[in-house]
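**Q** What follows is data.tsv, TSV, C-alpha atoms.
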chain	number	residue	atom	x	y	z
A	129	MET	CA	0.00	0.00	0.00
A	130	LEU	CA	1.27	3.50	-0.82
A	131	LYS	CA	1.95	5.69	2.15
A	132	LEU	CA	1.22	9.37	2.68
A	133	GLY	CA	3.69	11.68	4.30
A	134	ARG	CA	5.34	15.07	4.14
A	135	THR	CA	7.42	15.71	1.05
A	136	PRO	CA	11.03	16.80	1.42
A	137	LEU	CA	12.11	19.91	-0.44
A	138	LEU	CA	13.96	18.58	-3.47
A	139	ALA	CA	17.00	20.53	-4.63
A	140	ASN	CA	15.49	22.34	-7.59
A	141	ARG	CA	14.54	25.96	-8.19
A	142	PHE	CA	11.16	24.91	-9.62
A	143	LEU	CA	10.02	23.31	-6.34
A	144	CYS	CA	8.86	26.39	-4.50
A	145	HIS	CA	5.84	25.10	-2.56
A	146	GLN	CA	6.44	24.50	1.12
A	147	SER	CA	3.73	22.03	2.04
A	148	ARG	CA	2.99	18.88	0.10
A	149	THR	CA	1.98	15.29	0.52
A	150	ILE	CA	3.84	12.51	-1.22
A	151	TYR	CA	2.42	9.39	-2.86
A	152	SER	CA	5.27	6.93	-2.73
A	153	SER	CA	6.66	3.99	-0.88
A	154	VAL	CA	9.96	5.91	-0.99
A	155	GLN	CA	9.62	9.10	1.04
A	156	ASP	CA	12.87	10.93	0.38
A	157	SER	CA	14.62	12.82	-2.40
A	158	SER	CA	16.15	9.57	-3.71
A	159	ALA	CA	12.78	8.54	-5.17
A	160	GLU	CA	13.03	8.45	-8.95
A	161	CYS	CA	9.40	9.40	-9.44
A	162	VAL	CA	7.75	11.54	-6.76
A	163	PHE	CA	3.98	12.03	-6.43
A	164	GLU	CA	2.79	15.07	-4.46
A	165	ARG	CA	-0.33	17.03	-3.64
A	166	LEU	CA	-0.18	20.80	-3.37
A	167	GLU	CA	-1.98	22.40	-0.46
A	168	GLY	CA	-3.54	25.72	0.50
A	169	ALA	CA	-4.87	27.70	-2.48
A	170	ASP	CA	-3.45	25.03	-4.82
A	171	GLN	CA	-5.25	22.14	-3.14
A	172	GLY	CA	-6.47	19.78	-5.85
A	173	ILE	CA	-3.28	20.00	-7.93
A	174	ALA	CA	-1.08	16.90	-7.94
A	175	LEU	CA	2.50	16.82	-9.19
A	176	ILE	CA	4.38	13.94	-10.79
A	177	THR	CA	8.06	14.84	-10.58
A	178	PHE	CA	10.73	12.93	-12.49
A	179	ASN	CA	13.82	12.77	-10.26
A	180	ARG	CA	16.53	10.56	-11.75
A	181	PRO	CA	19.36	13.03	-12.37
A	182	HIS	CA	22.21	10.54	-12.86
A	183	ALA	CA	20.38	9.03	-15.84
A	184	ARG	CA	18.65	12.17	-17.19
A	185	ASN	CA	15.28	10.77	-16.09
A	186	ALA	CA	15.70	7.76	-18.38
A	187	LEU	CA	12.87	5.25	-18.18
A	188	GLY	CA	14.39	2.41	-16.19
A	189	LYS	CA	12.74	-0.43	-14.29
A	190	THR	CA	12.72	1.24	-10.88
A	191	PHE	CA	11.50	4.53	-12.33
A	192	MET	CA	8.63	2.83	-14.14
A	193	GLU	CA	7.64	0.76	-11.10
A	194	GLN	CA	7.35	3.92	-9.01
A	195	PHE	CA	5.59	5.75	-11.85
A	196	ARG	CA	2.89	3.13	-12.34
A	197	ARG	CA	2.37	2.65	-8.60
A	198	GLY	CA	1.76	6.36	-8.17
A	199	LEU	CA	-0.54	6.55	-11.18
A	200	ALA	CA	-2.70	3.79	-9.72
A	201	HIS	CA	-3.04	5.82	-6.52
A	202	LEU	CA	-3.87	9.06	-8.35
A	203	ARG	CA	-6.54	7.38	-10.45
A	204	PHE	CA	-8.72	6.74	-7.39
A	205	ASP	CA	-7.97	9.91	-5.42
A	206	ASP	CA	-11.10	12.06	-5.63
A	207	SER	CA	-9.31	15.01	-4.07
A	208	VAL	CA	-7.12	15.43	-7.17
A	209	ARG	CA	-8.55	17.73	-9.86
A	210	VAL	CA	-5.58	18.25	-12.16
A	211	VAL	CA	-2.15	16.61	-12.56
A	212	VAL	CA	1.10	18.27	-13.67
A	213	LEU	CA	4.03	16.18	-14.89
A	214	ARG	CA	7.43	17.88	-14.60
A	215	SER	CA	11.12	17.27	-14.07
A	216	ASN	CA	13.39	17.95	-11.11
A	217	VAL	CA	16.48	17.55	-13.31
A	218	ASP	CA	18.12	20.54	-14.97
A	219	ARG	CA	17.83	20.73	-18.78
A	220	VAL	CA	15.91	17.48	-19.15
A	221	PHE	CA	12.26	16.46	-18.92
A	222	CYS	CA	12.89	12.82	-19.81
A	223	ALA	CA	15.65	11.48	-22.06
A	224	GLY	CA	13.66	8.40	-23.07
A	225	ALA	CA	14.60	4.76	-22.63
A	226	ASP	CA	17.45	3.74	-20.36
A	227	LEU	CA	19.63	2.33	-23.15
A	228	LYS	CA	22.29	1.03	-20.77
A	229	GLU	CA	19.67	-1.00	-18.94
A	230	ARG	CA	18.06	-2.02	-22.23
A	231	ALA	CA	21.38	-3.44	-23.48
A	232	THR	CA	21.32	-6.01	-20.67
A	233	MET	CA	17.89	-7.36	-21.67
A	234	ASN	CA	17.20	-10.30	-23.94
A	235	PRO	CA	14.58	-9.89	-26.73
A	236	ASN	CA	11.73	-11.23	-24.59
A	237	GLU	CA	12.61	-8.84	-21.78
A	238	VAL	CA	12.74	-5.93	-24.21
A	239	SER	CA	9.29	-6.79	-25.56
A	240	ALA	CA	7.84	-7.04	-22.07
A	241	PHE	CA	9.40	-3.77	-20.94
A	242	VAL	CA	8.21	-1.82	-23.98
A	243	TYR	CA	4.75	-3.30	-23.50
A	244	GLY	CA	4.87	-1.96	-19.94
A	245	LEU	CA	5.85	1.51	-21.19
A	246	ARG	CA	2.95	1.50	-23.62
A	247	ALA	CA	0.55	0.46	-20.87
A	248	ALA	CA	1.91	3.06	-18.43
A	249	PHE	CA	1.49	5.94	-20.87
A	250	SER	CA	-2.03	4.76	-21.64
A	251	GLU	CA	-2.63	4.95	-17.88
A	252	VAL	CA	-1.55	8.59	-18.02
A	253	GLU	CA	-3.84	9.22	-20.98
A	254	THR	CA	-6.83	7.68	-19.24
A	255	LEU	CA	-6.45	9.40	-15.89
A	256	PRO	CA	-9.92	10.84	-15.25
A	257	VAL	CA	-8.64	14.36	-14.56
A	258	PRO	CA	-6.83	16.85	-16.82
A	259	THR	CA	-3.08	16.30	-17.16
A	260	ILE	CA	-0.43	18.86	-18.13
A	261	ALA	CA	3.14	18.04	-19.18
A	262	ALA	CA	5.64	20.79	-18.33
A	263	ILE	CA	8.51	20.17	-20.76
A	264	ASP	CA	11.58	21.91	-19.40
A	265	GLY	CA	14.61	20.54	-21.27
A	266	ALA	CA	14.89	17.45	-23.44
A	267	ALA	CA	11.84	15.26	-24.09
A	268	LEU	CA	13.14	12.62	-26.45
A	269	GLY	CA	11.80	9.21	-27.46
A	270	GLY	CA	9.84	7.82	-24.52
A	271	GLY	CA	10.13	11.22	-22.87
A	272	LEU	CA	8.05	12.77	-25.62
A	273	GLU	CA	5.74	9.76	-25.65
A	274	VAL	CA	4.78	10.30	-22.01
A	275	ALA	CA	4.15	13.99	-22.77
A	276	LEU	CA	1.98	13.03	-25.74
A	277	ALA	CA	-0.20	11.04	-23.35
A	278	ALA	CA	-0.98	14.24	-21.39
A	279	ASP	CA	-3.96	16.43	-22.27
A	280	ILE	CA	-1.94	19.65	-22.48
A	281	ARG	CA	1.75	20.25	-23.19
A	282	VAL	CA	3.84	23.32	-22.34
A	283	ALA	CA	7.38	23.71	-23.67
A	284	GLY	CA	9.94	25.87	-21.88
A	285	ALA	CA	12.73	27.92	-23.41
A	286	GLY	CA	15.23	25.07	-23.33
A	287	ALA	CA	12.92	22.33	-24.61
A	288	LYS	CA	14.27	19.80	-27.11
A	289	ILE	CA	11.48	17.63	-28.43
A	290	GLY	CA	11.58	14.65	-30.78
A	291	LEU	CA	11.25	10.96	-31.55
A	292	PRO	CA	14.76	9.96	-32.72
A	293	GLU	CA	14.25	6.19	-32.48
A	294	THR	CA	14.78	5.46	-36.19
A	295	LYS	CA	18.36	6.67	-35.79
A	296	LEU	CA	18.81	3.72	-33.41
A	297	ALA	CA	17.18	1.33	-35.91
A	298	ILE	CA	13.98	1.07	-33.86
A	299	ILE	CA	10.62	2.88	-33.90
A	300	PRO	CA	8.69	4.75	-31.21
A	301	GLY	CA	7.13	1.88	-29.30
A	302	ALA	CA	5.20	3.49	-26.45
A	303	GLY	CA	2.46	5.21	-28.41
A	304	GLY	CA	4.46	7.70	-30.47
A	305	THR	CA	3.43	6.32	-33.87
A	306	GLN	CA	-0.23	6.59	-32.84
A	307	ARG	CA	-0.56	9.73	-30.70
A	308	LEU	CA	1.71	12.01	-32.74
A	309	PRO	CA	-0.18	11.66	-36.06
A	310	ARG	CA	-3.48	12.11	-34.26
A	311	LEU	CA	-2.11	15.34	-32.82
A	312	ILE	CA	-0.34	16.97	-35.78
A	313	GLY	CA	-1.45	14.90	-38.78
A	314	ALA	CA	0.00	11.79	-40.38
A	315	SER	CA	2.26	13.50	-42.93
A	316	ARG	CA	3.98	15.77	-40.41
A	317	ALA	CA	4.31	12.92	-37.91
A	318	LYS	CA	5.92	10.73	-40.58
A	319	GLU	CA	8.46	13.42	-41.39
A	320	LEU	CA	9.44	13.84	-37.74
A	321	ILE	CA	9.67	10.09	-37.11
A	322	PHE	CA	11.44	9.20	-40.39
A	323	THR	CA	14.07	11.92	-39.86
A	324	GLY	CA	14.32	11.68	-36.09
A	325	ARG	CA	14.34	15.49	-36.08
A	326	VAL	CA	14.57	17.29	-32.73
A	327	LEU	CA	12.53	20.50	-32.37
A	328	ASP	CA	12.86	23.50	-30.13
A	329	ALA	CA	9.85	24.92	-28.30
A	330	LYS	CA	8.86	27.39	-31.02
A	331	ALA	CA	9.01	24.78	-33.80
A	332	ALA	CA	6.99	22.33	-31.67
A	333	PHE	CA	4.36	25.02	-31.08
A	334	ASN	CA	4.17	25.89	-34.78
A	335	LEU	CA	3.44	22.23	-35.56
A	336	GLY	CA	0.76	22.05	-32.89
A	337	LEU	CA	2.79	19.55	-30.87
A	338	VAL	CA	2.61	21.73	-27.74
A	339	ASN	CA	-0.13	24.09	-26.58
A	340	HIS	CA	2.27	26.74	-25.35
A	341	ALA	CA	5.92	27.67	-25.95
A	342	VAL	CA	7.13	29.99	-23.20
A	343	GLU	CA	10.34	31.95	-22.94
A	344	GLY	CA	10.76	31.02	-19.32
A	345	VAL	CA	9.99	27.90	-17.32
A	346	ALA	CA	7.30	25.54	-18.59
A	347	TYR	CA	6.32	24.45	-15.09
A	348	GLU	CA	5.25	27.98	-14.17
A	349	LYS	CA	2.88	28.14	-17.16
A	350	ALA	CA	1.63	24.61	-16.45
A	351	LEU	CA	0.84	25.61	-12.87
A	352	GLU	CA	-0.97	28.71	-14.12
A	353	ILE	CA	-3.17	26.53	-16.35
A	354	ALA	CA	-3.79	24.08	-13.51
A	355	ARG	CA	-4.93	26.97	-11.31
A	356	GLU	CA	-7.36	28.05	-14.05
A	357	ILE	CA	-8.85	24.55	-14.07
A	358	LEU	CA	-9.25	24.29	-10.28
A	359	PRO	CA	-12.40	26.47	-9.93
A	360	ALA	CA	-14.34	24.37	-12.46
A	361	GLY	CA	-16.73	21.69	-11.29
A	362	PRO	CA	-14.61	18.53	-10.86
A	363	ILE	CA	-17.27	16.15	-12.14
A	364	ALA	CA	-17.90	18.40	-15.13
A	365	THR	CA	-14.18	18.48	-15.92
A	366	ARG	CA	-13.95	14.70	-15.77
A	367	MET	CA	-17.01	14.26	-17.96
A	368	ALA	CA	-15.75	16.84	-20.46
A	369	LYS	CA	-12.46	14.94	-20.76
A	370	GLN	CA	-14.26	11.65	-21.20
A	371	ALA	CA	-16.59	13.06	-23.85
A	372	ILE	CA	-13.71	14.55	-25.85
A	373	ASP	CA	-11.36	11.56	-25.56
A	374	LYS	CA	-14.02	9.06	-26.57
A	375	GLY	CA	-15.73	11.30	-29.08
A	376	VAL	CA	-12.68	12.03	-31.23
A	377	GLN	CA	-12.28	8.30	-31.89
A	378	VAL	CA	-15.70	7.93	-33.54
A	379	ASP	CA	-17.95	9.66	-36.10
A	380	VAL	CA	-19.75	12.86	-35.07
A	381	ALA	CA	-23.14	11.19	-34.57
A	382	SER	CA	-21.62	8.62	-32.22
A	383	GLY	CA	-19.69	11.40	-30.51
A	384	MET	CA	-22.93	13.27	-29.86
A	385	ALA	CA	-24.32	10.17	-28.16
A	386	ILE	CA	-21.20	9.98	-25.99
A	387	GLU	CA	-21.62	13.64	-25.07
A	388	GLN	CA	-25.26	13.04	-24.16
A	389	GLY	CA	-24.29	10.15	-21.91
A	390	CYS	CA	-21.63	12.24	-20.16
A	391	TYR	CA	-24.04	15.14	-19.69
A	392	ALA	CA	-26.63	12.80	-18.21
A	393	GLN	CA	-24.18	11.89	-15.45
A	394	ILE	CA	-23.86	15.55	-14.47
A	395	ILE	CA	-27.58	16.36	-14.22
A	396	PRO	CA	-28.24	14.69	-10.81
A	397	THR	CA	-25.11	16.09	-9.13
A	398	GLU	CA	-25.07	18.49	-6.20
A	399	ASP	CA	-22.38	20.49	-7.98
A	400	ARG	CA	-24.70	21.34	-10.88
A	401	LEU	CA	-27.27	22.75	-8.46
A	402	GLU	CA	-24.54	24.62	-6.56
A	403	GLY	CA	-23.42	26.24	-9.81
A	404	LEU	CA	-26.95	27.46	-10.51
A	405	ARG	CA	-27.35	28.80	-6.95
A	406	ALA	CA	-24.00	30.58	-7.05
A	407	PHE	CA	-24.86	32.19	-10.39
A	408	ARG	CA	-28.20	33.38	-9.05
A	409	GLU	CA	-26.65	34.68	-5.82
A	410	LYS	CA	-23.68	36.27	-7.63
A	411	ARG	CA	-21.06	34.43	-5.59
A	412	THR	CA	-18.23	31.98	-6.20
A	413	PRO	CA	-19.51	28.39	-6.27
A	414	ILE	CA	-18.15	25.85	-3.82
A	415	TYR	CA	-17.93	22.52	-5.62
A	416	LYS	CA	-17.50	19.30	-3.67
A	417	GLY	CA	-17.31	16.75	-6.46
A	418	ARG	CA	-20.73	15.30	-5.67
Write out the structure in this file as structure tokens.

**A**
Amino acid sequence: MLKLGRTPLLANRFLCHQSRTIYSSVQDSSAECVFERLEGADQGIALITFNRPHARNALGKTFMEQFRRGLAHLRFDDSVRVVVLRSNVDRVFCAGADLKERATMNPNEVSAFVYGLRAAFSEVETLPVPTIAAIDGAALGGGLEVALAADIRVAGAGAKIGLPETKLAIIPGAGGTQRLPRLIGASRAKELIFTGRVLDAKAAFNLGLVNHAVEGVAYEKALEIAREILPAGPIATRMAKQAIDKGVQVDVASGMAIEQGCYAQIIPTEDRLEGLRAFREKRTPIYKGR
């Protein structure tokens, strides 16, 4: 069972909040993947922090075990309204696969591990709440693939973004060949994957790969967006995500039916009535997720 406890202040200029709760069986700064809840005015925001500096946040076995364990906890935490993924390592979001570790695996082990990566990033994609990837530094290979699984992506000034797998005689194997073309179109995705080209933040924004390219720190913009999401009704936000994610996979008529089903789940909620009362009384609504 995952334990809850106070989070240590990790040595990074981006970690400026003083009071957090950690989701991890490892409750110190040596954890490779740290799960936290912000408190005070930011209550409802959860952070997933990549913290493997010696390997540039490469996706190794221990990292992925901690990552998936934390995701499972987040999925069923009703207090969480939005999730931000970010790095605690300077100049890198996630460098992709741990190639040194991969070199020790036999073909069956490689297949199983890549299958696990694909499943883990699908778990990110299907989290019921909005997710934001704050790309500060390099997001290459699997690092970009995990960002592609988020709902919103923000690239910082030093972002380096790409899927260079073909240069290693492999292909993106954790969702990159599927999510990238759905995001920017098949032809542009093919060009990026065939060439293994690495983009800066501005180029990624121009292609529609990221929602925002900022001149400063991506995490700050990601937190700003998360704070904009917080006041919304939590059930409404979850249903909106579900309607969009399921609807884009089908024809419009089927999508309308999905939207109707999601709306129907909102009608009997206390939050919907609270929103109407608050509008009538000209006050800020207090949503409880019920």

**Q** In Å, with one decimal, what is the gap from CA of Ile260 (chain A) to CA of Ile353 (chain A)?

**A**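 Answer for the CA of Ile260 (chain A) to CA of Ile353 (chain A) separation: 8.3 Å.
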
**Q** Near Thr190 (chain A), counting all atoms listed in the file, which residues have an atom at most 10 Å away, once you skip same-chain residues fewer than 6 positions from it, shown as a PDB file with C-alpha atoms, in the coordinates of the input?

**A**
ATOM      1  CA  ALA A 159      12.780   8.540  -5.170  1.00  0.00           C
ATOM      2  CA  GLU A 160      13.030   8.450  -8.950  1.00  0.00           C
ATOM      3  CA  CYS A 161       9.400   9.400  -9.440  1.00  0.00           C
TER       4      CYS A 161
END

**Q** Find, counting all atoms listed in the file, the residue in A:Ala267, A:Leu296, A:Ala332, A:Val257 that gets nearest to Ala364 (chain A).

**A**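 That would be A:Val257, the residue with the smallest distance to Ala364 (chain A).
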
**Q** Name the residues in contact with Ala350 (chain A) at a cut-off of 9 Å, using all atoms listed in the file, excluding same-chain residues fewer than 3 positions from it; report them as a list in words.

**A**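 Contacts, with the query itself left out: Val212, Leu213, Ile260, Ala261, Ala262, Ile280, Arg281, Val282, Ala346, Tyr347, Ile353, Ala354 and Arg355 of chain A.
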
**Q** Using all atoms listed in the file, can you tell me which of A:Leu276, A:Ala297, A:Ala240, A:Val326 comes closest to Ile312 (chain A)?

**A**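 Looking only at the distances to Ile312 (chain A), the closest residue turns out to be A:Leu276.
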
**Q** State, in Å with one decimal place, the distance from CA of Ala247 (chain A) to CA of Arg196 (chain A).

**A** 9.2 Å

**Q** With all atoms listed in the file as the atoms that count, which of A:Ala278, A:Ala200, A:Ala248, A:Met192 lies nearest to Asn339 (chain A)?

**A**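 For Asn339 (chain A), the nearest of the given residues is A:Ala278.
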
**Q** Fewer than 4 positions away in the same chain doesn't count, so skip those; otherwise give me all residues within 10 Å of Pro413 (chain A), counting only C-alpha atoms, as a list in words.

**A**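 Within the cut-off, the hits are Pro359, Ala360, Gly361, Asp399, Arg400, Leu401, Glu402, Gly403, Leu404, Arg405, Ala406, Phe407 and Glu409 of chain A.
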